[in-house]
Every structure is written in C-alpha cells, then in structure tokens.
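> protein03.txt is reproduced below (compact mmCIF, C-alpha atoms).
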```txt
# COMPACT_ATOMS: atom_id res chain seq x y z
CA MET A 1 -34.45 17.09 -6.50
CA ARG A 2 -34.64 13.37 -7.00
CA ARG A 3 -31.20 13.22 -8.60
CA TYR A 4 -29.20 15.39 -6.30
CA TRP A 5 -30.69 14.74 -2.89
CA TRP A 6 -27.55 12.92 -1.83
CA LYS A 7 -25.43 15.98 -2.52
CA ILE A 8 -27.59 18.00 -0.16
CA LEU A 9 -27.44 15.12 2.30
CA SER A 10 -23.65 15.14 2.19
CA ILE A 11 -23.51 18.88 2.94
CA VAL A 12 -26.02 18.57 5.76
CA LEU A 13 -24.19 15.62 7.26
CA LEU A 14 -20.82 17.35 7.09
CA LEU A 15 -22.21 20.55 8.63
CA TYR A 16 -23.78 18.49 11.40
CA ASN A 17 -20.54 16.59 11.82
CA CYS A 18 -18.47 19.78 12.14
CA ILE A 19 -20.82 21.60 14.48
CA ALA A 20 -21.65 18.66 16.70
CA GLY A 21 -18.05 17.47 16.65
CA LEU A 22 -16.91 20.78 18.10
CA LEU A 23 -19.72 21.16 20.60
CA VAL A 24 -20.47 17.74 22.01
CA LYS A 25 -19.36 16.90 25.52
CA LEU A 26 -16.55 14.35 25.39
CA PRO A 27 -16.79 11.19 27.46
CA GLN A 28 -14.99 11.95 30.70
CA GLN A 29 -13.41 8.55 31.05
CA VAL A 30 -11.86 8.10 27.63
CA ALA A 31 -10.72 11.64 26.99
CA TYR A 32 -9.47 12.66 30.43
CA GLU A 33 -8.94 9.76 32.76
CA GLU A 34 -7.45 7.05 30.58
CA SER A 35 -5.51 9.08 28.08
CA ASN A 36 -3.76 12.35 27.45
CA MET A 37 -6.00 13.40 24.60
CA TYR A 38 -8.35 15.80 26.39
CA GLU A 39 -10.09 18.13 23.97
CA SER A 40 -7.87 17.07 21.07
CA MET A 41 -9.99 13.94 20.96
CA ARG A 42 -12.45 15.95 18.91
CA ASN A 43 -10.11 15.41 15.96
CA PHE A 44 -11.49 11.90 15.94
CA PHE A 45 -14.71 13.21 14.42
CA PHE A 46 -12.86 14.67 11.43
CA HIS A 47 -9.65 12.70 11.00
CA VAL A 48 -10.98 9.14 11.18
CA PRO A 49 -13.97 9.64 8.81
CA MET A 50 -11.50 10.94 6.21
CA TRP A 51 -9.52 7.71 6.32
CA PHE A 52 -12.69 5.67 6.32
CA SER A 53 -14.00 7.37 3.22
CA GLN A 54 -10.56 7.19 1.62
CA PHE A 55 -10.72 3.45 2.07
CA ILE A 56 -14.28 3.24 0.71
CA LEU A 57 -13.31 5.27 -2.35
CA ILE A 58 -10.23 3.21 -3.19
CA THR A 59 -12.40 0.13 -2.90
CA VAL A 60 -14.79 1.65 -5.44
CA SER A 61 -11.78 2.45 -7.62
CA LEU A 62 -10.72 -1.20 -7.35
CA ILE A 63 -14.16 -2.34 -8.49
CA TYR A 64 -14.01 -0.07 -11.53
CA SER A 65 -10.52 -1.34 -12.36
CA ILE A 66 -11.78 -4.93 -12.29
CA ARG A 67 -14.72 -3.96 -14.46
CA TYR A 68 -12.38 -2.27 -16.90
CA LEU A 69 -10.27 -5.39 -17.23
CA ARG A 70 -13.39 -7.43 -17.91
CA ARG A 71 -15.02 -5.11 -20.41
CA SER A 72 -12.31 -2.88 -21.86
CA ASP A 73 -14.66 0.08 -21.63
CA LEU A 74 -12.58 3.25 -21.23
CA ARG A 75 -15.21 4.95 -19.11
CA GLN A 76 -14.66 2.40 -16.34
CA ASP A 77 -10.99 3.27 -16.40
CA TRP A 78 -11.75 6.98 -16.01
CA TYR A 79 -13.99 6.25 -13.07
CA ALA A 80 -11.21 4.19 -11.49
CA VAL A 81 -8.70 7.03 -11.87
CA GLU A 82 -10.99 9.73 -10.59
CA PHE A 83 -12.04 7.70 -7.56
CA ALA A 84 -8.40 6.95 -6.78
CA ARG A 85 -7.58 10.64 -7.12
CA THR A 86 -10.31 11.82 -4.76
CA ALA A 87 -9.33 9.08 -2.32
CA THR A 88 -5.74 10.26 -2.39
CA VAL A 89 -6.82 13.82 -1.66
CA LEU A 90 -8.86 12.55 1.29
CA GLY A 91 -5.86 10.54 2.42
CA CYS A 92 -3.70 13.67 2.32
CA LEU A 93 -6.33 15.49 4.39
CA GLY A 94 -6.33 12.57 6.83
CA LEU A 95 -2.56 12.72 7.10
CA VAL A 96 -2.57 16.49 7.63
CA THR A 97 -5.32 16.44 10.28
CA GLY A 98 -3.51 13.55 11.94
CA SER A 99 -0.25 15.43 12.08
CA ILE A 100 -1.88 18.61 13.37
CA TRP A 101 -3.42 16.49 16.11
CA SER A 102 -0.10 14.87 16.87
CA ARG A 103 1.49 18.30 17.16
CA TYR A 104 -0.68 18.94 20.20
CA THR A 105 -0.82 15.45 21.63
CA TRP A 106 2.61 14.02 20.89
CA GLY A 107 4.48 17.30 20.60
CA ALA A 108 5.60 17.19 16.97
CA PHE A 109 3.99 17.26 13.55
CA TRP A 110 5.94 14.19 12.54
CA SER A 111 7.26 11.74 15.07
CA ASN A 112 7.96 8.69 12.89
CA ASP A 113 5.22 6.73 14.54
CA PRO A 114 4.47 3.46 12.67
CA LYS A 115 0.98 4.74 11.94
CA GLN A 116 2.28 7.91 10.36
CA THR A 117 4.83 6.08 8.24
CA GLY A 118 2.19 3.57 7.24
CA ALA A 119 -0.16 6.30 6.13
CA ALA A 120 2.59 8.04 4.18
CA ILE A 121 3.53 4.79 2.43
CA ALA A 122 -0.11 4.20 1.59
CA LEU A 123 -0.21 7.56 -0.15
CA LEU A 124 3.04 6.83 -1.98
CA ILE A 125 1.47 3.66 -3.40
CA TYR A 126 -1.27 5.72 -4.99
CA PHE A 127 1.11 8.43 -6.19
CA ALA A 128 2.98 5.64 -7.97
CA TYR A 129 -0.32 4.67 -9.61
CA PHE A 130 -0.72 8.13 -11.14
CA ILE A 131 2.90 8.27 -12.25
CA LEU A 132 2.54 4.85 -13.86
CA ARG A 133 -0.58 5.96 -15.70
CA ASN A 134 0.99 9.11 -17.00
CA SER A 135 4.09 7.32 -18.23
CA MET A 136 2.11 5.70 -21.05
CA THR A 137 0.40 7.33 -23.98
CA ASP A 138 -1.57 4.57 -25.60
CA MET A 139 -5.02 4.75 -24.01
CA ASP A 140 -5.84 1.07 -24.08
CA LYS A 141 -2.52 -0.11 -22.78
CA ARG A 142 -2.44 2.63 -20.17
CA GLY A 143 -5.82 1.64 -18.83
CA ARG A 144 -4.93 -2.01 -18.67
CA VAL A 145 -1.55 -1.64 -17.02
CA ALA A 146 -2.87 0.93 -14.55
CA ALA A 147 -5.82 -1.29 -13.68
CA VAL A 148 -3.52 -4.24 -13.07
CA TYR A 149 -1.32 -2.15 -10.79
CA ASN A 150 -4.35 -0.73 -9.00
CA ILE A 151 -5.65 -4.21 -8.16
CA PHE A 152 -2.22 -5.47 -7.15
CA ALA A 153 -1.53 -2.43 -4.99
CA TYR A 154 -4.91 -2.59 -3.28
CA PHE A 155 -4.35 -6.13 -2.09
CA LEU A 156 -0.89 -5.31 -0.75
CA TYR A 157 -2.29 -2.16 0.83
CA ILE A 158 -4.72 -4.06 3.05
CA PRO A 159 -2.05 -5.85 5.09
CA LEU A 160 -0.22 -2.56 5.40
CA ILE A 161 -3.20 -0.77 6.87
CA PHE A 162 -5.08 -3.50 8.71
CA ILE A 163 -2.57 -6.12 9.80
CA LEU A 164 0.77 -4.41 10.36
CA PRO A 165 -0.59 -1.75 12.74
CA ARG A 166 -1.77 -4.54 15.00
CA MET A 167 1.74 -5.90 15.25
CA VAL A 168 3.87 -2.90 16.08
CA GLU A 169 3.90 -0.66 19.09
CA SER A 170 2.48 2.74 18.40
CA LEU A 171 1.45 5.85 20.22
CA HIS A 172 -1.68 6.14 18.12
CA PRO A 173 -4.92 5.87 20.10
CA GLY A 174 -6.10 2.30 20.15
CA GLY A 175 -2.64 1.24 19.03
CA LEU A 176 -1.06 0.51 22.39
CA GLY A 177 0.43 -2.92 22.79
CA THR A 178 0.15 -5.70 20.31
CA GLU A 179 -3.63 -5.88 20.33
CA GLY A 180 -3.92 -2.42 18.85
CA ASN A 181 -6.50 -1.40 16.36
CA PRO A 182 -5.74 0.56 13.21
CA GLY A 183 -7.73 3.41 14.75
CA LEU A 184 -9.59 3.96 17.95
CA SER A 185 -11.01 0.75 19.26
CA GLY A 186 -14.76 0.53 18.96
CA SER A 187 -15.29 -0.09 22.64
CA SER A 188 -14.04 3.34 23.63
CA LEU A 189 -16.80 5.04 21.68
CA ASP A 190 -19.94 5.94 23.50
CA PRO A 191 -23.25 6.04 21.60
CA LYS A 192 -23.24 9.81 21.45
CA MET A 193 -19.86 9.89 19.70
CA ARG A 194 -20.99 7.21 17.32
CA MET A 195 -23.95 9.39 16.35
CA ILE A 196 -21.49 12.04 15.17
CA PHE A 197 -18.83 9.75 13.78
CA TRP A 198 -20.85 7.64 11.33
CA PRO A 199 -22.68 10.56 9.70
CA GLY A 200 -19.21 12.04 9.22
CA VAL A 201 -18.05 8.92 7.39
CA LEU A 202 -21.14 8.96 5.19
CA GLY A 203 -20.83 12.69 4.57
CA TRP A 204 -17.18 12.53 3.50
CA THR A 205 -17.86 9.53 1.29
CA LEU A 206 -20.77 11.25 -0.44
CA LEU A 207 -18.71 14.39 -0.89
CA GLY A 208 -15.93 12.25 -2.37
CA VAL A 209 -18.35 10.64 -4.82
CA TRP A 210 -19.69 14.07 -5.76
CA VAL A 211 -16.22 15.49 -6.46
CA THR A 212 -15.36 12.36 -8.41
CA THR A 213 -18.40 12.59 -10.66
CA LEU A 214 -17.58 16.23 -11.36
CA PHE A 215 -14.06 15.34 -12.45
CA TYR A 216 -15.40 12.45 -14.45
CA ARG A 217 -17.74 14.76 -16.34
CA VAL A 218 -14.89 17.17 -17.02
CA ARG A 219 -12.95 14.28 -18.48
CA LEU A 220 -15.88 13.23 -20.65
CA LEU A 221 -16.14 16.76 -22.02
CA GLU A 222 -12.40 16.86 -22.68
CA GLU A 223 -12.63 13.63 -24.63
CA LYS A 224 -15.55 14.97 -26.60
CA TYR A 225 -13.62 18.07 -27.64
CA ALA A 226 -10.51 16.07 -28.36
CA THR A 227 -12.32 13.82 -30.78
CA ALA A 228 -14.56 16.47 -32.32
CA MET B 1 29.10 -9.09 -3.76
CA SER B 2 31.28 -6.05 -4.21
CA THR B 3 28.73 -4.00 -2.26
CA ILE B 4 29.13 -6.34 0.67
CA PHE B 5 32.90 -6.01 0.45
CA VAL B 6 32.62 -2.22 0.37
CA LEU B 7 30.33 -2.40 3.38
CA TYR B 8 32.94 -4.49 5.15
CA LEU B 9 35.62 -1.96 4.38
CA ALA B 10 33.44 0.88 5.56
CA MET B 11 31.84 -0.62 8.62
CA GLY B 12 34.12 -3.32 9.95
CA GLN B 13 31.93 -5.38 12.21
CA PRO B 14 28.69 -3.59 13.05
CA GLU B 15 26.40 -4.42 15.92
CA GLU B 16 23.31 -6.58 15.59
CA LYS B 17 20.68 -4.05 14.61
CA VAL B 18 22.88 -2.39 12.04
CA TRP B 19 23.90 -5.78 10.73
CA ASN B 20 20.28 -6.74 10.28
CA GLY B 21 19.32 -3.47 8.63
CA LEU B 22 22.28 -3.60 6.25
CA PHE B 23 21.55 -7.19 5.37
CA TRP B 24 18.01 -6.48 4.25
CA MET B 25 19.02 -3.35 2.38
CA ILE B 26 21.52 -5.43 0.43
CA GLN B 27 18.84 -8.05 -0.24
CA LEU B 28 16.57 -5.34 -1.59
CA PHE B 29 19.20 -4.09 -4.02
CA ILE B 30 20.22 -7.57 -5.11
CA CYS B 31 16.57 -8.28 -5.76
CA VAL B 32 15.97 -5.11 -7.76
CA ASN B 33 19.03 -5.78 -9.87
CA ALA B 34 18.60 -9.49 -10.42
CA VAL B 35 14.84 -9.80 -10.73
CA ALA B 36 14.04 -6.58 -12.50
CA LYS B 37 16.35 -7.58 -15.31
CA SER B 38 14.34 -10.69 -16.02
CA PHE B 39 11.65 -8.73 -17.82
CA LEU B 40 13.42 -5.55 -18.78
CA GLN B 41 16.18 -7.28 -20.67
CA GLU B 42 13.96 -9.42 -22.84
CA SER B 43 13.79 -8.12 -26.35
CA ARG B 44 10.49 -7.78 -28.17
CA GLY B 45 11.38 -10.60 -30.46
CA ARG B 46 12.06 -13.00 -27.66
CA MET B 47 8.81 -12.04 -25.92
CA LEU B 48 6.98 -12.86 -29.12
CA TYR B 49 8.74 -16.21 -29.25
CA PHE B 50 7.69 -17.01 -25.68
CA TYR B 51 4.21 -15.93 -26.57
CA SER B 52 4.07 -18.39 -29.42
CA ILE B 53 5.30 -21.38 -27.43
CA ALA B 54 3.60 -20.85 -24.05
CA GLY B 55 0.46 -19.36 -22.56
CA ALA B 56 0.53 -16.30 -20.34
CA ARG B 57 -0.14 -18.30 -17.17
CA ASP B 58 2.66 -20.78 -17.77
CA PHE B 59 4.98 -17.95 -18.61
CA ILE B 60 4.39 -15.97 -15.42
CA ILE B 61 4.49 -19.09 -13.24
CA SER B 62 7.83 -20.09 -14.68
CA LYS B 63 9.17 -16.57 -14.26
CA LEU B 64 8.03 -16.46 -10.64
CA LEU B 65 9.55 -19.87 -9.90
CA PHE B 66 12.84 -19.10 -11.58
CA ASN B 67 13.21 -15.75 -9.87
CA ALA B 68 12.26 -17.15 -6.46
CA VAL B 69 14.90 -19.87 -6.73
CA LEU B 70 17.47 -17.41 -8.06
CA MET B 71 16.78 -14.95 -5.26
CA ILE B 72 16.92 -17.61 -2.55
CA LEU B 73 20.33 -18.71 -3.84
CA MET B 74 21.57 -15.13 -4.04
CA SER B 75 20.43 -14.34 -0.51
CA LEU B 76 22.04 -17.46 0.87
CA VAL B 77 25.32 -16.56 -0.83
CA SER B 78 25.15 -13.05 0.54
CA LEU B 79 24.33 -14.42 3.98
CA VAL B 80 27.50 -16.51 3.90
CA LEU B 81 29.52 -13.48 2.82
CA PHE B 82 27.91 -11.35 5.51
CA ARG B 83 28.83 -13.83 8.19
CA LEU B 84 32.37 -14.10 6.87
CA LEU B 85 33.07 -10.42 6.50
CA LEU B 86 30.79 -8.48 8.79
CA GLY B 87 30.94 -10.73 11.82
CA ASP B 88 28.49 -13.26 13.07
CA PRO B 89 25.99 -11.89 15.58
CA LEU B 90 23.47 -14.66 14.93
CA GLN B 91 22.38 -16.66 17.93
CA ASN B 92 20.05 -18.83 15.98
CA ALA B 93 21.53 -19.39 12.57
CA GLY B 94 19.09 -22.07 11.41
CA LYS B 95 16.12 -19.83 12.01
CA PHE B 96 17.79 -16.96 10.22
CA VAL B 97 18.51 -19.09 7.17
CA GLY B 98 14.83 -20.02 7.05
CA ILE B 99 13.76 -16.40 7.36
CA VAL B 100 16.23 -15.36 4.67
CA SER B 101 14.89 -17.95 2.24
CA LEU B 102 11.32 -16.93 2.92
CA GLY B 103 12.19 -13.26 2.64
CA GLY B 104 14.20 -13.66 -0.55
CA CYS B 105 11.34 -15.60 -2.05
CA SER B 106 8.73 -12.93 -1.13
CA LEU B 107 10.88 -10.06 -2.37
CA SER B 108 11.48 -11.77 -5.68
CA LEU B 109 7.77 -12.56 -6.18
CA VAL B 110 6.69 -8.96 -5.68
CA PHE B 111 9.47 -7.59 -7.84
CA THR B 112 8.87 -10.10 -10.60
CA PHE B 113 5.31 -8.96 -10.98
CA LEU B 114 6.24 -5.30 -10.72
CA ALA B 115 8.88 -5.84 -13.38
CA ALA B 116 6.20 -7.32 -15.59
CA ILE B 117 4.13 -4.16 -15.12
CA ALA B 118 7.12 -1.88 -15.57
CA ALA B 119 8.15 -3.64 -18.75
CA ARG B 120 4.86 -2.49 -20.24
CA ALA B 121 5.45 1.14 -19.32
CA GLN B 122 8.12 3.38 -20.70
CA GLN B 123 11.08 4.44 -18.53
CA ASN B 124 11.14 0.99 -16.99
CA ALA B 125 13.91 1.22 -14.45
CA ALA B 126 12.56 4.40 -12.89
CA MET B 127 9.06 2.92 -12.78
CA MET B 128 10.39 -0.09 -10.91
CA ALA B 129 11.73 2.13 -8.16
CA ILE B 130 8.62 4.28 -7.92
CA MET B 131 6.21 1.36 -7.77
CA GLY B 132 8.41 -1.04 -5.89
CA PHE B 133 9.53 0.81 -2.83
CA PRO B 134 6.19 1.71 -1.26
CA LEU B 135 4.89 -1.80 -1.89
CA ILE B 136 7.95 -3.55 -0.55
CA ILE B 137 8.32 -1.53 2.67
CA PRO B 138 5.58 -3.39 4.59
CA MET B 139 7.20 -6.69 3.63
CA LEU B 140 10.64 -5.48 4.68
CA LEU B 141 9.21 -4.31 8.01
CA VAL B 142 7.79 -7.74 8.73
CA LEU B 143 11.03 -9.38 7.62
CA MET B 144 13.20 -7.21 9.83
CA LYS B 145 10.92 -7.84 12.77
CA LEU B 146 11.11 -11.55 12.06
CA SER B 147 14.85 -11.63 11.66
CA ASN B 148 15.40 -9.62 14.83
CA THR B 149 14.17 -12.68 16.68
CA ALA B 150 17.11 -14.67 15.36
CA PHE B 151 19.53 -12.52 17.34
CA ALA B 152 18.22 -13.65 20.68
CA ASP B 153 17.94 -17.09 22.11
CA VAL B 154 14.52 -16.64 23.59
CA LEU B 155 11.59 -17.73 21.54
CA GLN B 156 9.31 -14.78 21.07
CA ALA B 157 5.57 -15.03 20.94
CA GLY B 158 3.88 -14.18 17.69
CA LEU B 159 6.74 -15.48 15.57
CA TRP B 160 4.65 -18.04 13.77
CA GLN B 161 1.97 -15.48 13.22
CA LEU B 162 4.47 -13.34 11.33
CA VAL B 163 5.77 -16.30 9.34
CA LEU B 164 2.21 -17.18 8.40
CA LEU B 165 1.57 -13.58 7.41
CA MET B 166 4.59 -13.62 5.10
CA ALA B 167 3.58 -16.95 3.59
CA GLY B 168 0.04 -15.66 3.15
CA LEU B 169 1.34 -12.57 1.37
CA ASP B 170 3.42 -14.77 -0.93
CA ILE B 171 0.41 -16.85 -1.86
CA LEU B 172 -1.61 -13.69 -2.42
CA VAL B 173 1.05 -12.28 -4.74
CA ILE B 174 1.26 -15.52 -6.71
CA ALA B 175 -2.51 -15.70 -7.07
CA LEU B 176 -2.76 -12.08 -8.18
CA ALA B 177 0.08 -12.53 -10.63
CA ILE B 178 -1.57 -15.57 -12.21
CA ILE B 179 -4.93 -13.83 -12.48
CA LEU B 180 -3.68 -10.46 -13.67
CA PHE B 181 -0.76 -11.32 -15.92
CA PRO B 182 -2.84 -12.40 -18.96
CA PHE B 183 -4.19 -8.84 -19.12
CA LEU B 184 -0.70 -7.41 -19.30
CA TRP B 185 0.40 -9.94 -21.83
CA LYS B 186 -1.96 -9.40 -24.73
CA ASP B 187 -0.70 -6.65 -26.94
```
Could you render the structure from this file as structure tokens?

Amino acid sequence: MRRYWWKILSIVLLLYNCIAGLLVKLPQQVAYEESNMYESMRNFFFHVPMWFSQFILITVSLIYSIRYLRRSDLRQDWYAVEFARTATVLGCLGLVTGSIWSRYTWGAFWSNDPKQTGAAIALLIYFAYFILRNSMTDMDKRGRVAAVYNIFAYFLYIPLIFILPRMVESLHPGGLGTEGNPGLSGSSLDPKMRMIFWPGVLGWTLLGVWVTTLFYRVRLLEEKYATA
Amino acid sequence: MSTIFVLYLAMGQPEEKVWNGLFWMIQLFICVNAVAKSFLQESRGRMLYFYSIAGARDFIISKLLFNAVLMILMSLVSLVLFRLLLGDPLQNAGKFVGIVSLGGCSLSLVFTFLAAIAARAQQNAAMMAIMGFPLIIPMLLVLMKLSNTAFADVLQAGLWQLVLLMAGLDILVIALAIILFPFLWKD
C-alpha cells in the first residue's frame, strides 16, 4: 500500500477528472458569450492536461539525460528514453484530442493553425530522437549521443512552444492577437474549472510515470536475459 | 548558385512573398550542403589529429565560427544573385542584409552542432535531415516573419523583440554546443 498509493491516486484523479469534466456546468461567460466554444470547451479538461504532463515528462527525461552524461550509468539513459517515449505518446494524444476538438469548433481536423503545426513539429523533434538512438548499436555511444541530442532539442523546443505561439496569430483559445498564451489564459478559468483541471494534470503525469516505470522494468528484464 | 539560376528560369520574377519564401528555402539548402559537410567529410585520421592538437571546446568554437562566417558570406552572395536574377522587391535593403546575416549565422550554428551529432551516428546525411528540419522550422518561421518587414517601408512593432529572440537563440545554441560537445568528442 505504501509503495503504490500514487498509482491508485492517479486512477482516482483521472476518473474524477473524466466524470467531473463531463458533468460540470461551464462558466456562462467564457464558453457562450465571449467565444464560440460552447460545450466543446469541456475538451479543455482532457486536452490541456495531456500537454502539461507531456511537458513535465520530457523535463524529467531531460534531467535523466543530464544525469547520464555526468555519471555514464546506463540505467539513467533507459529512464530518459522511456520518459521521452511516454511523453511522446501523451503528445500524440494531445494532438488527437486537439484535432477532434478543432473538427467541431473550427470545422476541420487539420486547419494549419500555427498551434497545430507547432505541436506536430514538437512531436517530430522527439521522433527524431528515437530514430537517432536506433541508428547506433554501441550502447555507450548511443546513450551519449542521444542524451546530447535530447538536451539540445529540449532547449530549442521551449521557444517553439512558449515563445513563438505568443507572436503569431492563431485561432487557438487564448491565442488571439499578439498577447496570446500557449493555451487558455489563466484568467478565463474560474475556480471550479481549476479544481478539475489541476487534478487532471497530476493524474496524467502520475499515469505517465507509472507507464514509464513499467517499460523501464521490462527493459531491465530484457537486459538481464540478454546478458545471462 | 545553379539552383538560383534554375529558379530564375522557372519563375521569372516572383512577387514578394514567394521571393521571400524561396530565398529562405535556398538558404536552408545552402546551409545543409555547406555546413553539414564540415563534419561529415572529415576522415577519422584527421579527427584524431585535431584531437591531439586542440581541446574539444576550442575545436567546436572554431568550427562554429568558421561555419558562421562561411554561411554569412554564402547568404550574402546568394542575396546579390537573387536581386540580380529574381527581381528586387526589397524596400529596405539595409535591414534585409542585416536579417540575412543574422539568419545565416543562426542556421549555420544549429546545423554545425547537428552535424557534430550526426557525424557520431551512422547514416549521417539522412540523420541530418531527420534531426535538422524539425529543429530549424521555428527559426525559419521567425526569420521569415522578420524578413517580411523588409518589404514594407513602415516600421513594425515587435521587430526588435524578434531580433533579440534570434540573437538569444544563437547564444543559447553556442552555449549548449560548448557545454555538450566534449561529451560527443571522447571516443
């Protein structure tokens, strides 16, 4: 119980997030009067936490990459890969939920909005990371080169996600005009929505960590059989 | 150079936006060709020689400097050719020259470091493309936005912000390259 309480917590939080996200009454002003989102605003409870946790997980992956470079301990490298992989899956989910939402709000699954292109590019950066890793066979060299790319890519990824969206016009909520936010601006959230949103972020992040540790253990076992 | 001539044959004199887009596409390909070669063409023996006479930091700094200067020269040459062959829609040539130098410099910095990574992996040329294009797109977006301002006479707000962003990115890339390159180097 002591060791896996957070797994239960993640399930509970996600269940709460799904149920409450579908049932809660949306703020009249934001959803109906000032925008054309209406009920599709509920996607906010699912789509945005996915991107948040994607970002948290790639940050964790970055930390493990730095630790690998400092210590040359292969286990750090495996953690870095698995975190990056889970984060990429979450990013794909974020992209898919975003495009389903845009189907109903903007009229098409893909409308070449700067936010959509940005998200797609962000995923491509991490796909390149996996391709780079798999192109090498020597374990030590692979870990080092991949870690270097991971760190480099992360720092170029931040301007892409946090600075560029503020500079281009976009249809994305919170992205109107040049003072746009990468996502919804914080001021348009009322306390009730926040109470559903943040547990969602935490829940997705915990689930991501859980999945990652599972894959990490699979990898450990594989290594054990490979060497035995 | 021959690409620009082919473009001229194909397009004649395009309008501003197309001109701008074509120009940066050409810069991208010049950069991939010129800069990527700097690491991929070195033989193992020569790398070992460099290793024996200079430290990793000095080596990457000199590579970055050389490629930045090379790329700035190449982009200026191609700018002259563009203006000769594809027409001259620039309202504010001085500004555009500045933007081109800054842009050429940033492109070459990113690609130099990526080439250093790719040189360590097998299938180098393909790796360059896979890693390079997603990372370079944000930079190209900023550059195109910046250079669009050179086609109009009015001074647009937020221009300096963009220039600062580009310069900041350059410094970031240089810092990362200096910190990370020693890890790539030891083998």
> Work out how far atom CA of A:Ile131 is from atom CA of A:Leu69, in Å to one decimal.
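Calculated distance between atom CA of A:Leu69 and atom CA of A:Ile131 is 19.6 Å.
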> Which chain B residues are at most 8 Å from chain A (counting only C-alpha atoms), as a short mmCIF file (atom, residue, chain, number, x, y, z; two decimals) with C-alpha atoms, keeping the file's coordinate frame?

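Result written to out-v9.cif:
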```cif
data_model
loop_
_atom_site.label_atom_id
_atom_site.label_comp_id
_atom_site.auth_asym_id
_atom_site.auth_seq_id
_atom_site.Cartn_x
_atom_site.Cartn_y
_atom_site.Cartn_z
CA ILE B 117 4.13 -4.16 -15.12
CA ARG B 120 4.86 -2.49 -20.24
CA ALA B 121 5.45 1.14 -19.32
CA GLN B 122 8.12 3.38 -20.70
CA GLN B 123 11.08 4.44 -18.53
CA MET B 127 9.06 2.92 -12.78
CA ILE B 130 8.62 4.28 -7.92
CA MET B 131 6.21 1.36 -7.77
CA PRO B 134 6.19 1.71 -1.26
CA LEU B 135 4.89 -1.80 -1.89
CA ILE B 137 8.32 -1.53 2.67
CA PRO B 138 5.58 -3.39 4.59
CA VAL B 142 7.79 -7.74 8.73
CA LEU B 169 1.34 -12.57 1.37
CA VAL B 173 1.05 -12.28 -4.74
CA LEU B 176 -2.76 -12.08 -8.18
CA LEU B 180 -3.68 -10.46 -13.67
CA PHE B 183 -4.19 -8.84 -19.12
CA LEU B 184 -0.70 -7.41 -19.30
CA ASP B 187 -0.70 -6.65 -26.94
#
```
> Enumerate, as a PyMOL selection string, the protein, DNA and RNA residues whose atoms approach (8.1, -12.4, 10.9) to within 7 Å, taking into account only C-alpha atoms and the coordinate frame of the file.
chain B and resi 142-143+145-147+159+162-163+166
> What does the file look like for those residues with C-alpha atoms, as a PDB file, in the frame of the given file?

```
ATOM      1  CA  VAL B 142       7.790  -7.740   8.730  1.00  0.00           C
ATOM      2  CA  LEU B 143      11.030  -9.380   7.620  1.00  0.00           C
ATOM      3  CA  LYS B 145      10.920  -7.840  12.770  1.00  0.00           C
ATOM      4  CA  LEU B 146      11.110 -11.550  12.060  1.00  0.00           C
ATOM      5  CA  SER B 147      14.850 -11.630  11.660  1.00  0.00           C
ATOM      6  CA  LEU B 159       6.740 -15.480  15.570  1.00  0.00           C
ATOM      7  CA  LEU B 162       4.470 -13.340  11.330  1.00  0.00           C
ATOM      8  CA  VAL B 163       5.770 -16.300   9.340  1.00  0.00           C
ATOM      9  CA  MET B 166       4.590 -13.620   5.100  1.00  0.00           C
TER      10      MET B 166
END
```
> My list of candidates is B:Phe29, B:Trp160, B:Phe59, B:Trp185. Which is closest to B:Met74 when distances are computed with all atoms listed in the file?
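With all atoms listed in the file as the atom set, the closest residue is B:Phe29.
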> Report the distance between atom CA of A:Val48 and atom CA of B:Leu140 in Å, rounded to one decimal place.
26.9 Å
